[in-house]
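Engineer: Next comes model_30.pdb, PDB, C-alpha atoms:
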```pdb
ATOM      1  CA  MET P   1       9.939   0.341   5.456
ATOM      2  CA  ASN P   2      12.209   0.058   8.446
ATOM      3  CA  PRO P   3      14.882  -2.625   8.705
ATOM      4  CA  SER P   4      14.707  -5.648  10.943
ATOM      5  CA  ARG P   5      16.320  -5.687  14.348
ATOM      6  CA  GLN P   6      17.349  -8.616  16.529
ATOM      7  CA  THR P   7      16.377  -8.992  20.163
ATOM      8  CA  TYR P   8      17.124 -11.764  22.611
ATOM      9  CA  GLN P   9      14.408 -13.518  24.564
ATOM     10  CA  ASN P  10      14.909 -16.691  26.599
ATOM     11  CA  ASN P  11      18.337 -17.270  25.000
ATOM     12  CA  SER P  12      16.861 -17.231  21.497
ATOM     13  CA  ILE P  13      17.177 -14.555  18.853
ATOM     14  CA  LYS P  14      13.955 -12.898  17.720
ATOM     15  CA  LYS P  15      13.974 -10.611  14.735
ATOM     16  CA  GLU P  16      11.699  -7.609  14.870
ATOM     17  CA  ARG P  17      10.244  -5.609  12.005
ATOM     18  CA  HIS P  18       9.369  -1.972  12.664
ATOM     19  CA  ILE P  19       6.682  -0.425  10.464
ATOM     20  CA  GLN P  20       5.260   3.114  10.398
ATOM     21  CA  ASP P  21       2.667   2.845   7.602
ATOM     22  CA  LEU P  22      -0.710   2.724   9.390
ATOM     23  CA  ALA P  23      -2.556   1.127   6.454
ATOM     24  CA  LEU P  24       0.066  -1.629   6.182
ATOM     25  CA  VAL P  25      -0.023  -2.201   9.946
ATOM     26  CA  ALA P  26      -3.824  -2.463   9.889
ATOM     27  CA  PHE P  27      -3.651  -4.962   7.026
ATOM     28  CA  LEU P  28      -1.012  -7.069   8.797
ATOM     29  CA  VAL P  29      -2.924  -7.153  12.091
ATOM     30  CA  ALA P  30      -6.231  -7.935  10.350
ATOM     31  CA  ASN P  31      -4.439 -10.720   8.469
ATOM     32  CA  GLY P  32      -3.296 -12.426  11.684
ATOM     33  CA  ASN P  33       0.133 -10.914  12.362
ATOM     34  CA  PRO P  34       0.146  -9.820  16.026
ATOM     35  CA  LEU P  35       1.950  -6.772  17.335
ATOM     36  CA  ILE P  36       4.664  -7.834  19.777
ATOM     37  CA  LYS P  37       5.064  -4.437  21.495
ATOM     38  CA  PRO P  38       2.774  -1.491  22.106
ATOM     39  CA  PRO P  39       3.153   1.271  19.510
ATOM     40  CA  SER P  40       5.814   3.832  20.378
ATOM     41  CA  ARG P  41       6.518   7.343  19.153
ATOM     42  CA  GLN P  42       9.605   7.874  17.051
ATOM     43  CA  ASN P  43      11.959  10.485  18.521
ATOM     44  CA  MET P  44       9.104  12.250  20.327
ATOM     45  CA  GLY P  45       7.549  13.058  16.956
ATOM     46  CA  ARG P  46       4.104  12.442  15.549
ATOM     47  CA  LYS P  47       4.877   9.117  13.870
ATOM     48  CA  PHE P  48       4.351   5.835  15.650
ATOM     49  CA  ILE P  49       6.391   2.688  15.199
ATOM     50  CA  PHE P  50       4.641  -0.683  15.292
ATOM     51  CA  THR P  51       6.680  -3.799  16.052
ATOM     52  CA  PHE P  52       6.050  -7.252  14.616
ATOM     53  CA  GLU P  53       8.028 -10.478  14.840
ATOM     54  CA  ASP P  54       9.867 -10.784  11.516
ATOM     55  CA  THR P  55       8.549 -14.055  10.098
ATOM     56  CA  ALA P  56       8.167 -15.557   6.639
ATOM     57  CA  LYS P  57       4.386 -14.994   6.829
ATOM     58  CA  LEU P  58       4.924 -11.323   7.665
ATOM     59  CA  GLU P  59       7.266 -10.922   4.696
ATOM     60  CA  GLN P  60       4.759 -12.640   2.362
ATOM     61  CA  ASP P  61       1.935 -10.432   3.632
ATOM     62  CA  ILE P  62       4.001  -7.258   3.142
ATOM     63  CA  LEU P  63       4.825  -8.276  -0.431
ATOM     64  CA  ALA P  64       1.174  -9.107  -1.138
ATOM     65  CA  PHE P  65       0.126  -5.699   0.233
ATOM     66  CA  TYR P  66       2.561  -3.740  -1.934
ATOM     67  CA  ASN P  67       2.058  -5.952  -5.006
ATOM     68  CA  LYS P  68      -1.721  -5.454  -4.679
ATOM     69  CA  THR P  69      -2.366  -9.198  -4.595
ATOM     70  CA  ALA P  70      -3.572  -9.324  -0.971
ATOM     71  CA  ARG P  71      -7.125 -10.314  -0.164
ATOM     72  CA  ILE P  72      -8.749  -9.373   3.115
ATOM     73  CA  ASP P  73     -12.223  -8.812   4.516
ATOM     74  CA  PRO P  74     -12.881  -5.070   4.180
ATOM     75  CA  LEU P  75     -14.826  -4.863   7.455
ATOM     76  CA  SER P  76     -11.977  -6.497   9.400
ATOM     77  CA  PHE P  77      -9.464  -4.117   7.847
ATOM     78  CA  SER P  78     -11.667  -1.106   8.550
ATOM     79  CA  GLU P  79     -12.201  -2.085  12.196
ATOM     80  CA  VAL P  80      -8.488  -2.622  12.848
ATOM     81  CA  PHE P  81      -7.597   0.609  11.027
ATOM     82  CA  ARG P  82     -10.080   2.624  13.131
ATOM     83  CA  ASN P  83      -8.805   1.061  16.355
ATOM     84  CA  LEU P  84      -5.161   1.757  15.499
ATOM     85  CA  LYS P  85      -5.964   5.318  14.466
ATOM     86  CA  ALA P  86      -7.801   5.939  17.753
ATOM     87  CA  LEU P  87      -4.854   4.486  19.643
ATOM     88  CA  THR P  88      -2.295   6.699  17.947
ATOM     89  CA  PHE P  89      -4.100  10.021  17.398
TER      90      PHE P  89
END
```
Could you render the structure as structure tokens?
Structural biologist:
Amino acid sequence: MNPSRQTYQNNSIKKERHIQDLALVAFLVANGNPLIKPPSRQNMGRKFIFTFEDTAKLEQDILAFYNKTARIDPLSFSEVFRNLKALTF
């Protein structure tokens, strides 16, 4: 997982979280965590970086995903996953 980064917007600090794992990104988006930037390629390679605002909810959702305690509608996850895959490949 990539570290957080700070950006400034309207004189306030916003922390960003950059994630490359497509399954995790699909889960986070399907669970109500919006992307704050369009996906971008890392160093002109094949991998994409997805940017989220680093919030407490995002951190909880990431932990739930990796601890296998997350619950989500499978059809929502599948739809978001397909859309992200089409966007990046």
Engineer: Once 5 Å is added on each side, what centre and edge lengths in Å to one decimal does the axis-aligned box around all listed atoms of range 74-84 of chain P have, as lines of an AutoDock Vina configuration file?
Structural biologist:
```
center_x = -10.0
center_y = -1.9
center_z = 10.3
size_x = 19.7
size_y = 19.1
size_z = 22.2
```
Engineer: Which is closest to Lys47 in chain P among P:Leu63, P:Ala86, P:Ala70, P:Leu22, if we use only C-alpha atoms?
Structural biologist: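 Among the listed residues, P:Leu22 lies closest to Lys47 in chain P.
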Engineer: Which residues are close to range 72-77 of chain P, i.e. within 8 Å by all atoms listed in the file, leaving aside same-chain residues fewer than 4 positions away? Reply as a PyMOL selection string.
Structural biologist: chain P and resi 26-27+30-31+81
Engineer: With distances taken over all atoms listed in the file, which of P:Glu16, P:Glu53, P:Asp21, P:Glu59 is nearest to Pro34 in chain P?
Structural biologist: P:Glu53
Engineer: Give me, please, the distance in Å between CA of Lys14 in chain P and CA of Phe65 in chain P, quoted to one decimal.
Structural biologist: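 Atom-to-atom, CA of Lys14 in chain P and CA of Phe65 in chain P are spaced 23.4 Å apart.
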